[in-house]
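J.: Supplied structure: data30.csv, CSV, N, CA and C atoms.
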```
chain,number,residue,atom,x,y,z
A,1376,MET,N,-119.1,37.8,11.5
A,1376,MET,CA,-118.8,37.8,10.1
A,1376,MET,C,-117.3,37.7,9.9
A,1377,LYS,N,-116.8,36.8,9.0
A,1377,LYS,CA,-115.4,36.6,8.8
A,1377,LYS,C,-115.0,37.4,7.6
A,1378,ASN,N,-113.7,37.9,7.7
A,1378,ASN,CA,-113.2,38.7,6.6
A,1378,ASN,C,-112.3,37.7,5.8
A,1379,TYR,N,-112.4,37.8,4.5
A,1379,TYR,CA,-111.6,37.0,3.6
A,1379,TYR,C,-110.8,38.0,2.8
A,1380,LEU,N,-109.5,37.6,2.6
A,1380,LEU,CA,-108.6,38.3,1.7
A,1380,LEU,C,-108.7,37.8,0.3
A,1381,SER,N,-108.6,38.6,-0.6
A,1381,SER,CA,-108.6,38.2,-2.0
A,1381,SER,C,-107.3,37.5,-2.4
A,1382,PHE,N,-107.2,36.8,-3.4
A,1382,PHE,CA,-106.0,36.2,-3.9
A,1382,PHE,C,-105.0,37.3,-4.2
A,1383,ARG,N,-105.5,38.3,-4.8
A,1383,ARG,CA,-104.6,39.5,-5.2
A,1383,ARG,C,-104.0,40.1,-3.9
A,1384,ALA,N,-104.7,40.3,-2.9
A,1384,ALA,CA,-104.2,40.9,-1.6
A,1384,ALA,C,-103.1,40.0,-1.0
A,1385,ILE,N,-103.4,38.6,-1.0
A,1385,ILE,CA,-102.4,37.7,-0.5
A,1385,ILE,C,-101.1,37.7,-1.3
A,1386,SER,N,-101.3,37.7,-2.7
A,1386,SER,CA,-100.2,37.7,-3.6
A,1386,SER,C,-99.3,38.9,-3.4
A,1387,THR,N,-100.0,40.1,-3.2
A,1387,THR,CA,-99.3,41.3,-3.0
A,1387,THR,C,-98.5,41.3,-1.7
A,1388,ALA,N,-99.1,40.8,-0.6
A,1388,ALA,CA,-98.5,40.7,0.7
A,1388,ALA,C,-97.2,39.8,0.6
A,1389,ILE,N,-97.3,38.7,-0.1
A,1389,ILE,CA,-96.2,37.8,-0.2
A,1389,ILE,C,-95.1,38.4,-1.0
A,1390,ALA,N,-95.5,39.1,-2.1
A,1390,ALA,CA,-94.5,39.8,-3.0
A,1390,ALA,C,-93.7,40.8,-2.2
A,1391,VAL,N,-94.3,41.5,-1.3
A,1391,VAL,CA,-93.7,42.5,-0.5
A,1391,VAL,C,-92.9,41.9,0.6
A,1392,ALA,N,-93.4,40.8,1.3
A,1392,ALA,CA,-92.7,40.2,2.4
A,1392,ALA,C,-91.5,39.5,2.1
A,1393,VAL,N,-91.5,38.7,1.0
A,1393,VAL,CA,-90.3,37.9,0.7
A,1393,VAL,C,-89.0,38.7,0.5
A,1394,PRO,N,-89.0,39.8,-0.3
A,1394,PRO,CA,-87.7,40.5,-0.4
A,1394,PRO,C,-87.3,41.1,0.9
A,1395,VAL,N,-88.2,41.5,1.7
A,1395,VAL,CA,-87.9,42.1,3.0
A,1395,VAL,C,-87.2,41.0,3.9
A,1396,MET,N,-87.8,39.8,3.9
A,1396,MET,CA,-87.2,38.7,4.7
A,1396,MET,C,-85.9,38.3,4.2
A,1397,MET,N,-85.7,38.3,2.9
A,1397,MET,CA,-84.4,38.0,2.3
A,1397,MET,C,-83.3,39.0,2.6
A,1398,ALA,N,-83.7,40.3,2.6
A,1398,ALA,CA,-82.8,41.3,2.9
A,1398,ALA,C,-82.3,41.2,4.4
A,1399,GLY,N,-83.2,40.8,5.2
A,1399,GLY,CA,-82.9,40.6,6.6
A,1399,GLY,C,-82.0,39.4,6.8
A,1400,ALA,N,-82.2,38.4,6.0
A,1400,ALA,CA,-81.3,37.2,6.1
A,1400,ALA,C,-79.9,37.5,5.6
A,1401,GLN,N,-79.8,38.3,4.5
A,1401,GLN,CA,-78.5,38.7,4.0
A,1401,GLN,C,-77.8,39.6,5.0
A,1402,ALA,N,-78.5,40.5,5.7
A,1402,ALA,CA,-77.8,41.3,6.7
A,1402,ALA,C,-77.3,40.5,7.8
A,1403,ALA,N,-78.0,39.5,8.2
A,1403,ALA,CA,-77.5,38.6,9.3
A,1403,ALA,C,-76.2,37.8,8.8
A,1404,LEU,N,-76.1,37.5,7.5
A,1404,LEU,CA,-75.0,36.8,7.0
A,1404,LEU,C,-73.7,37.7,7.0
A,1405,ALA,N,-73.9,39.0,6.9
A,1405,ALA,CA,-72.8,39.9,6.7
A,1405,ALA,C,-72.3,40.4,8.1
A,1406,GLU,N,-72.0,39.4,9.0
A,1406,GLU,CA,-71.6,39.8,10.3
A,1406,GLU,C,-70.1,40.2,10.3
A,1407,ALA,N,-69.7,40.9,11.3
A,1407,ALA,CA,-68.3,41.3,11.4
A,1407,ALA,C,-67.5,40.1,11.8
A,1408,LEU,N,-66.3,40.0,11.2
A,1408,LEU,CA,-65.3,38.9,11.5
A,1408,LEU,C,-64.3,39.4,12.5
A,1409,GLN,N,-63.9,38.6,13.4
A,1409,GLN,CA,-62.9,39.0,14.4
A,1409,GLN,C,-61.8,37.9,14.4
A,1410,PHE,N,-60.6,38.3,14.6
A,1410,PHE,CA,-59.5,37.4,14.8
A,1410,PHE,C,-58.4,38.1,15.7
A,1411,THR,N,-57.6,37.3,16.4
A,1411,THR,CA,-56.5,37.8,17.2
A,1411,THR,C,-55.3,37.9,16.4
A,1412,LEU,N,-54.7,39.1,16.2
A,1412,LEU,CA,-53.4,39.3,15.5
A,1412,LEU,C,-52.3,39.2,16.6
A,1413,ASN,N,-51.5,38.1,16.5
A,1413,ASN,CA,-50.3,37.9,17.4
A,1413,ASN,C,-49.1,38.4,16.7
A,1414,ASN,N,-48.5,39.4,17.2
A,1414,ASN,CA,-47.3,40.0,16.6
A,1414,ASN,C,-46.0,39.4,17.3
A,1415,GLU,N,-45.6,38.3,16.8
A,1415,GLU,CA,-44.4,37.6,17.3
A,1415,GLU,C,-43.1,38.0,16.6
A,1416,SER,N,-43.2,39.1,15.8
A,1416,SER,CA,-42.0,39.6,15.1
A,1416,SER,C,-41.2,40.5,16.0
A,1417,SER,N,-40.1,40.9,15.5
A,1417,SER,CA,-39.2,41.8,16.3
A,1417,SER,C,-39.6,43.3,16.0
A,1418,GLN,N,-40.6,43.6,15.2
A,1418,GLN,CA,-41.0,44.9,14.9
A,1418,GLN,C,-42.5,45.2,15.2
A,1419,ASP,N,-42.8,46.4,15.6
A,1419,ASP,CA,-44.2,46.8,15.7
A,1419,ASP,C,-44.9,46.8,14.4
A,1420,ILE,N,-46.2,46.6,14.4
A,1420,ILE,CA,-47.0,46.7,13.2
A,1420,ILE,C,-47.7,48.0,13.3
A,1421,PHE,N,-47.4,48.9,12.3
A,1421,PHE,CA,-48.0,50.2,12.3
A,1421,PHE,C,-49.2,50.3,11.4
A,1422,TYR,N,-49.2,49.5,10.4
A,1422,TYR,CA,-50.3,49.5,9.4
A,1422,TYR,C,-50.8,48.1,9.1
A,1423,LEU,N,-52.1,47.9,9.0
A,1423,LEU,CA,-52.6,46.6,8.7
A,1423,LEU,C,-53.7,46.8,7.7
A,1424,TYR,N,-53.5,46.2,6.6
A,1424,TYR,CA,-54.5,46.3,5.5
A,1424,TYR,C,-55.1,44.9,5.3
A,1425,VAL,N,-56.4,44.8,5.4
A,1425,VAL,CA,-57.1,43.5,5.2
A,1425,VAL,C,-58.2,43.8,4.1
A,1426,SER,N,-58.1,43.0,3.0
A,1426,SER,CA,-59.1,43.2,2.0
A,1426,SER,C,-59.6,41.9,1.5
A,1427,PRO,N,-60.8,41.8,1.0
A,1427,PRO,CA,-61.4,40.6,0.4
A,1427,PRO,C,-60.4,40.0,-0.7
A,1428,SER,N,-60.2,38.8,-0.7
A,1428,SER,CA,-59.3,38.2,-1.7
A,1428,SER,C,-59.8,38.5,-3.1
A,1429,SER,N,-61.0,38.8,-3.3
A,1429,SER,CA,-61.6,39.1,-4.6
A,1429,SER,C,-61.3,40.5,-5.0
A,1430,SER,N,-60.7,41.3,-4.1
A,1430,SER,CA,-60.4,42.7,-4.4
A,1430,SER,C,-59.0,42.9,-5.0
A,1431,ASP,N,-58.8,43.9,-5.9
A,1431,ASP,CA,-57.5,44.2,-6.5
A,1431,ASP,C,-56.8,45.2,-5.7
A,1432,THR,N,-57.4,45.8,-4.7
A,1432,THR,CA,-56.8,46.9,-3.9
A,1432,THR,C,-56.8,46.6,-2.4
A,1433,TRP,N,-55.9,47.2,-1.7
A,1433,TRP,CA,-55.8,47.0,-0.2
A,1433,TRP,C,-56.8,47.7,0.6
A,1434,GLY,N,-57.2,48.9,0.1
A,1434,GLY,CA,-58.2,49.6,1.0
A,1434,GLY,C,-57.4,50.4,2.0
A,1435,GLU,N,-58.1,50.8,3.1
A,1435,GLU,CA,-57.6,51.6,4.2
A,1435,GLU,C,-56.9,50.8,5.3
A,1436,ASP,N,-56.0,51.4,6.0
A,1436,ASP,CA,-55.4,50.8,7.2
A,1436,ASP,C,-56.4,50.6,8.2
A,1437,ILE,N,-56.6,49.4,8.7
A,1437,ILE,CA,-57.7,49.2,9.7
A,1437,ILE,C,-57.2,49.4,11.1
A,1438,LEU,N,-55.9,49.6,11.3
A,1438,LEU,CA,-55.5,49.9,12.7
A,1438,LEU,C,-55.7,51.4,13.1
A,1439,GLY,N,-55.8,52.2,12.1
A,1439,GLY,CA,-56.0,53.7,12.4
A,1439,GLY,C,-54.8,54.2,13.2
A,1440,ALA,N,-55.1,54.8,14.3
A,1440,ALA,CA,-54.0,55.4,15.1
A,1440,ALA,C,-53.4,54.3,16.0
A,1441,ASP,N,-53.9,53.1,16.1
A,1441,ASP,CA,-53.4,52.1,16.9
A,1441,ASP,C,-52.2,51.4,16.2
A,1442,THR,N,-51.4,50.7,17.0
A,1442,THR,CA,-50.3,49.9,16.6
A,1442,THR,C,-50.4,48.5,17.3
A,1443,VAL,N,-49.7,47.5,16.8
A,1443,VAL,CA,-49.6,46.3,17.5
A,1443,VAL,C,-48.1,46.1,17.8
A,1444,PRO,N,-47.7,46.4,19.0
A,1444,PRO,CA,-46.2,46.3,19.3
A,1444,PRO,C,-45.7,44.9,19.2
A,1445,ALA,N,-44.4,44.8,19.0
A,1445,ALA,CA,-43.8,43.5,18.9
A,1445,ALA,C,-44.0,42.7,20.2
A,1446,GLY,N,-44.4,41.5,20.2
A,1446,GLY,CA,-44.6,40.6,21.3
A,1446,GLY,C,-46.0,40.8,22.0
A,1447,THR,N,-46.9,41.4,21.3
A,1447,THR,CA,-48.2,41.6,21.8
A,1447,THR,C,-49.3,41.1,20.9
A,1448,SER,N,-50.5,41.1,21.3
A,1448,SER,CA,-51.6,40.6,20.5
A,1448,SER,C,-52.7,41.7,20.5
A,1449,SER,N,-53.5,41.7,19.5
A,1449,SER,CA,-54.6,42.6,19.4
A,1449,SER,C,-55.8,42.0,18.6
A,1450,VAL,N,-57.0,42.2,19.1
A,1450,VAL,CA,-58.2,41.7,18.4
A,1450,VAL,C,-58.5,42.7,17.3
A,1451,ILE,N,-58.6,42.1,16.1
A,1451,ILE,CA,-58.9,42.8,14.9
A,1451,ILE,C,-60.3,42.5,14.4
A,1452,THR,N,-61.1,43.5,14.1
A,1452,THR,CA,-62.4,43.3,13.6
A,1452,THR,C,-62.5,43.8,12.1
A,1453,ILE,N,-63.0,42.9,11.3
A,1453,ILE,CA,-63.3,43.2,9.9
A,1453,ILE,C,-64.8,43.4,9.8
A,1454,ASP,N,-65.2,44.6,9.6
A,1454,ASP,CA,-66.7,44.9,9.6
A,1454,ASP,C,-66.9,45.7,8.3
A,1455,ASP,N,-66.8,45.0,7.2
A,1455,ASP,CA,-67.0,45.7,5.9
A,1455,ASP,C,-68.3,45.5,5.3
A,1456,GLY,N,-69.2,44.7,6.0
A,1456,GLY,CA,-70.5,44.5,5.5
A,1456,GLY,C,-70.6,43.4,4.4
A,1457,LEU,N,-69.5,42.8,4.1
A,1457,LEU,CA,-69.5,41.8,3.0
A,1457,LEU,C,-69.7,40.4,3.6
A,1458,GLU,N,-70.0,39.5,2.8
A,1458,GLU,CA,-70.2,38.1,3.2
A,1458,GLU,C,-69.0,37.3,2.9
A,1459,ASP,N,-67.9,37.9,2.5
A,1459,ASP,CA,-66.7,37.2,2.2
A,1459,ASP,C,-66.1,36.6,3.5
A,1460,CYS,N,-65.4,35.5,3.3
A,1460,CYS,CA,-64.6,34.9,4.4
A,1460,CYS,C,-63.1,34.9,4.0
A,1461,ALA,N,-62.7,34.9,2.8
A,1461,ALA,CA,-61.3,34.9,2.3
A,1461,ALA,C,-60.8,36.3,2.2
A,1462,TYR,N,-59.8,36.6,2.9
A,1462,TYR,CA,-59.2,37.9,2.9
A,1462,TYR,C,-57.7,37.8,2.7
A,1463,ASP,N,-57.1,38.9,2.2
A,1463,ASP,CA,-55.7,39.0,2.1
A,1463,ASP,C,-55.2,40.0,3.2
A,1464,LEU,N,-54.0,39.8,3.6
A,1464,LEU,CA,-53.5,40.6,4.8
A,1464,LEU,C,-52.1,41.2,4.4
A,1465,LEU,N,-51.9,42.5,4.7
A,1465,LEU,CA,-50.7,43.2,4.6
A,1465,LEU,C,-50.4,43.9,5.9
A,1466,ALA,N,-49.3,43.5,6.5
A,1466,ALA,CA,-48.8,44.1,7.8
A,1466,ALA,C,-47.6,44.9,7.4
A,1467,VAL,N,-47.5,46.2,7.9
A,1467,VAL,CA,-46.3,47.0,7.6
A,1467,VAL,C,-45.7,47.5,8.9
A,1468,ALA,N,-44.4,47.4,9.0
A,1468,ALA,CA,-43.7,47.9,10.2
A,1468,ALA,C,-43.2,49.3,9.9
A,1469,PRO,N,-42.8,50.0,10.9
A,1469,PRO,CA,-42.3,51.4,10.7
A,1469,PRO,C,-41.1,51.5,9.8
A,1470,SER,N,-40.3,50.4,9.7
A,1470,SER,CA,-39.1,50.3,8.9
A,1470,SER,C,-39.5,50.2,7.4
A,1471,GLY,N,-40.7,49.9,7.1
A,1471,GLY,CA,-41.2,49.6,5.8
A,1471,GLY,C,-41.3,48.2,5.4
A,1472,ASP,N,-40.7,47.3,6.3
A,1472,ASP,CA,-40.8,45.9,6.1
A,1472,ASP,C,-42.3,45.5,6.0
A,1473,GLN,N,-42.6,44.5,5.1
A,1473,GLN,CA,-44.0,44.1,4.9
A,1473,GLN,C,-44.1,42.6,5.0
A,1474,ILE,N,-45.2,42.2,5.5
A,1474,ILE,CA,-45.6,40.8,5.4
A,1474,ILE,C,-47.0,40.7,4.7
A,1475,GLU,N,-47.0,39.9,3.7
A,1475,GLU,CA,-48.3,39.7,2.9
A,1475,GLU,C,-48.7,38.2,3.0
A,1476,ASP,N,-50.0,38.0,3.1
A,1476,ASP,CA,-50.5,36.7,3.1
A,1476,ASP,C,-51.9,36.7,2.4
A,1477,TYR,N,-52.2,35.7,1.7
A,1477,TYR,CA,-53.4,35.7,0.8
A,1477,TYR,C,-54.3,34.6,1.1
A,1478,GLY,N,-55.6,34.8,0.9
A,1478,GLY,CA,-56.6,33.8,1.0
A,1478,GLY,C,-56.9,33.2,2.4
A,1479,ILE,N,-56.7,34.0,3.4
A,1479,ILE,CA,-57.0,33.6,4.8
A,1479,ILE,C,-58.5,33.5,5.0
A,1480,ASP,N,-59.0,32.4,5.5
A,1480,ASP,CA,-60.4,32.2,5.7
A,1480,ASP,C,-60.7,32.6,7.1
A,1481,PHE,N,-61.1,33.9,7.3
A,1481,PHE,CA,-61.3,34.4,8.7
A,1481,PHE,C,-62.7,33.9,9.2
A,1482,CYS,N,-63.4,33.1,8.5
A,1482,CYS,CA,-64.6,32.5,9.1
A,1482,CYS,C,-64.2,31.3,9.9
A,1483,GLU,N,-63.0,30.7,9.5
A,1483,GLU,CA,-62.5,29.6,10.2
A,1483,GLU,C,-61.3,29.9,11.1
A,1484,VAL,N,-60.5,30.8,10.7
A,1484,VAL,CA,-59.3,31.2,11.5
A,1484,VAL,C,-59.6,32.2,12.5
A,1485,THR,N,-59.3,31.9,13.8
A,1485,THR,CA,-59.6,32.9,14.9
A,1485,THR,C,-58.3,33.6,15.3
A,1486,SER,N,-57.1,33.2,14.9
A,1486,SER,CA,-55.9,34.0,15.2
A,1486,SER,C,-55.0,33.9,14.1
A,1487,TYR,N,-54.1,34.9,13.9
A,1487,TYR,CA,-53.1,35.0,12.9
A,1487,TYR,C,-51.8,35.5,13.5
A,1488,THR,N,-50.7,34.8,13.2
A,1488,THR,CA,-49.4,35.2,13.9
A,1488,THR,C,-48.5,35.7,12.8
A,1489,VAL,N,-47.9,36.9,13.1
A,1489,VAL,CA,-46.9,37.5,12.3
A,1489,VAL,C,-45.5,37.2,13.0
A,1490,THR,N,-44.6,36.7,12.2
A,1490,THR,CA,-43.2,36.4,12.7
A,1490,THR,C,-42.2,37.0,11.7
A,1491,ASP,N,-41.0,37.1,12.1
A,1491,ASP,CA,-39.9,37.6,11.2
A,1491,ASP,C,-39.6,36.6,10.1
```
As a first step, turn the structure in this file into structure tokens.

T.:
Amino acid sequence: MKNYLSFRAISTAIAVAVPVMMAGAQAALAEALQFTLNNESSQDIFYLYVSPSSSDTWGEDILGADTVPAGTSSVITIDDGLEDCAYDLLAVAPSGDQIEDYGIDFCEVTSYTVTD
């Protein structure tokens, strides 16, 4: 004996499955972005703020207790759960000197160099 599902049961199953599949697809799109920060300046970088270009604020320092000494490189991960590619960057030295750059496409850019 074969079991048949009613049209209503199939419609309900599709209505539940589609949003779940779409949520899974969106989660896959919001992968962490990584780039290499090359500090070719004469100063260490003590603070690094990276925020989506669409944001009006810088957010938190993503280096935390780490620094990027002059003449070195560090792999930076942006794991904010957003699907954005365009980010603004603010690097701050202990002297207070700052370097700002806007609209960097970290989906395409794999390294970024800070110079004096």

J.: Could you work out how far atom N of A:Asp1491 lies from atom C of A:Ser1426, giving the answer in Å with one decimal?

T.: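 Between atom C of A:Ser1426 and atom N of A:Asp1491 the gap is 21.9 Å.
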
J.: Find the distance between atom C of A:Glu1483 and atom C of A:Ala1407 and write it in Å to one decimal.

T.: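 These atoms are spaced 12.0 Å apart.
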
J.: Check the smallest atom-to-atom distance from each of A:Tyr1477, A:Gln1409, A:Thr1485, A:Ile1420 to A:Thr1447 using only C-alpha atoms, then report the winner.

T.: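 With only C-alpha atoms as the atom set, the closest residue is A:Ile1420.
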
J.: If we count only C-alpha atoms, what is near A:Ala1445 at a cut-off of 6 Å, once residues fewer than 5 positions away on the same chain are taken out, given as a list in words?

T.: Asn1414, Ser1416, Ser1417, Gln1418 and Asp1419 of chain A

J.: Would you pick out the contacts of A:Ser1486 at 8 Å or less, using only N, CA and C atoms, so that residues sharing its chain but fewer than 3 positions from it are not included, and give the list as a ChimeraX atom specification?

T.: /A:1409-1413,1481,1483,1489

J.: Please, what distance in Å, to one decimal, runs between atom CA of A:Cys1460 and atom CA of A:Ser1430?

T.: 12.5 Å

J.: For A:Asp1459, which of A:Gly1434, A:Pro1427, A:Gly1478, A:Gly1471 is the closest residue, counting all atoms listed in the file?

T.: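 Checking each candidate against A:Asp1459, we get A:Pro1427 as the closest.
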
J.: Write out as a compact mmCIF listing (two decimals) with N, CA and C atoms, keeping the file's coordinate frame all residues of stretch 1394-1478 of chain A that backbone DSSP assigns to helix (DSSP H, G or I).

T.:
```
# COMPACT_ATOMS: atom_id res chain seq x y z
N PRO A 1394 -89.00 39.80 -0.30
CA PRO A 1394 -87.70 40.50 -0.40
C PRO A 1394 -87.30 41.10 0.90
N VAL A 1395 -88.20 41.50 1.70
CA VAL A 1395 -87.90 42.10 3.00
C VAL A 1395 -87.20 41.00 3.90
N MET A 1396 -87.80 39.80 3.90
CA MET A 1396 -87.20 38.70 4.70
C MET A 1396 -85.90 38.30 4.20
N MET A 1397 -85.70 38.30 2.90
CA MET A 1397 -84.40 38.00 2.30
C MET A 1397 -83.30 39.00 2.60
N ALA A 1398 -83.70 40.30 2.60
CA ALA A 1398 -82.80 41.30 2.90
C ALA A 1398 -82.30 41.20 4.40
N GLY A 1399 -83.20 40.80 5.20
CA GLY A 1399 -82.90 40.60 6.60
C GLY A 1399 -82.00 39.40 6.80
N ALA A 1400 -82.20 38.40 6.00
CA ALA A 1400 -81.30 37.20 6.10
C ALA A 1400 -79.90 37.50 5.60
N GLN A 1401 -79.80 38.30 4.50
CA GLN A 1401 -78.50 38.70 4.00
C GLN A 1401 -77.80 39.60 5.00
N ALA A 1402 -78.50 40.50 5.70
CA ALA A 1402 -77.80 41.30 6.70
C ALA A 1402 -77.30 40.50 7.80
N ALA A 1403 -78.00 39.50 8.20
CA ALA A 1403 -77.50 38.60 9.30
C ALA A 1403 -76.20 37.80 8.80
N LEU A 1404 -76.10 37.50 7.50
CA LEU A 1404 -75.00 36.80 7.00
C LEU A 1404 -73.70 37.70 7.00
```

J.: Counting only N, CA and C atoms, figure out which residue out of A:Pro1444, A:Ala1468, A:Ile1479, A:Ile1437 gets nearest to A:Leu1423.

T.: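 For A:Leu1423, the nearest of the candidates is A:Ile1437.
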
J.: Which one is closest to A:Tyr1422: A:Thr1442, A:Ser1449, A:Asp1472, A:Thr1488? Count only C-alpha atoms.

T.: A:Thr1442
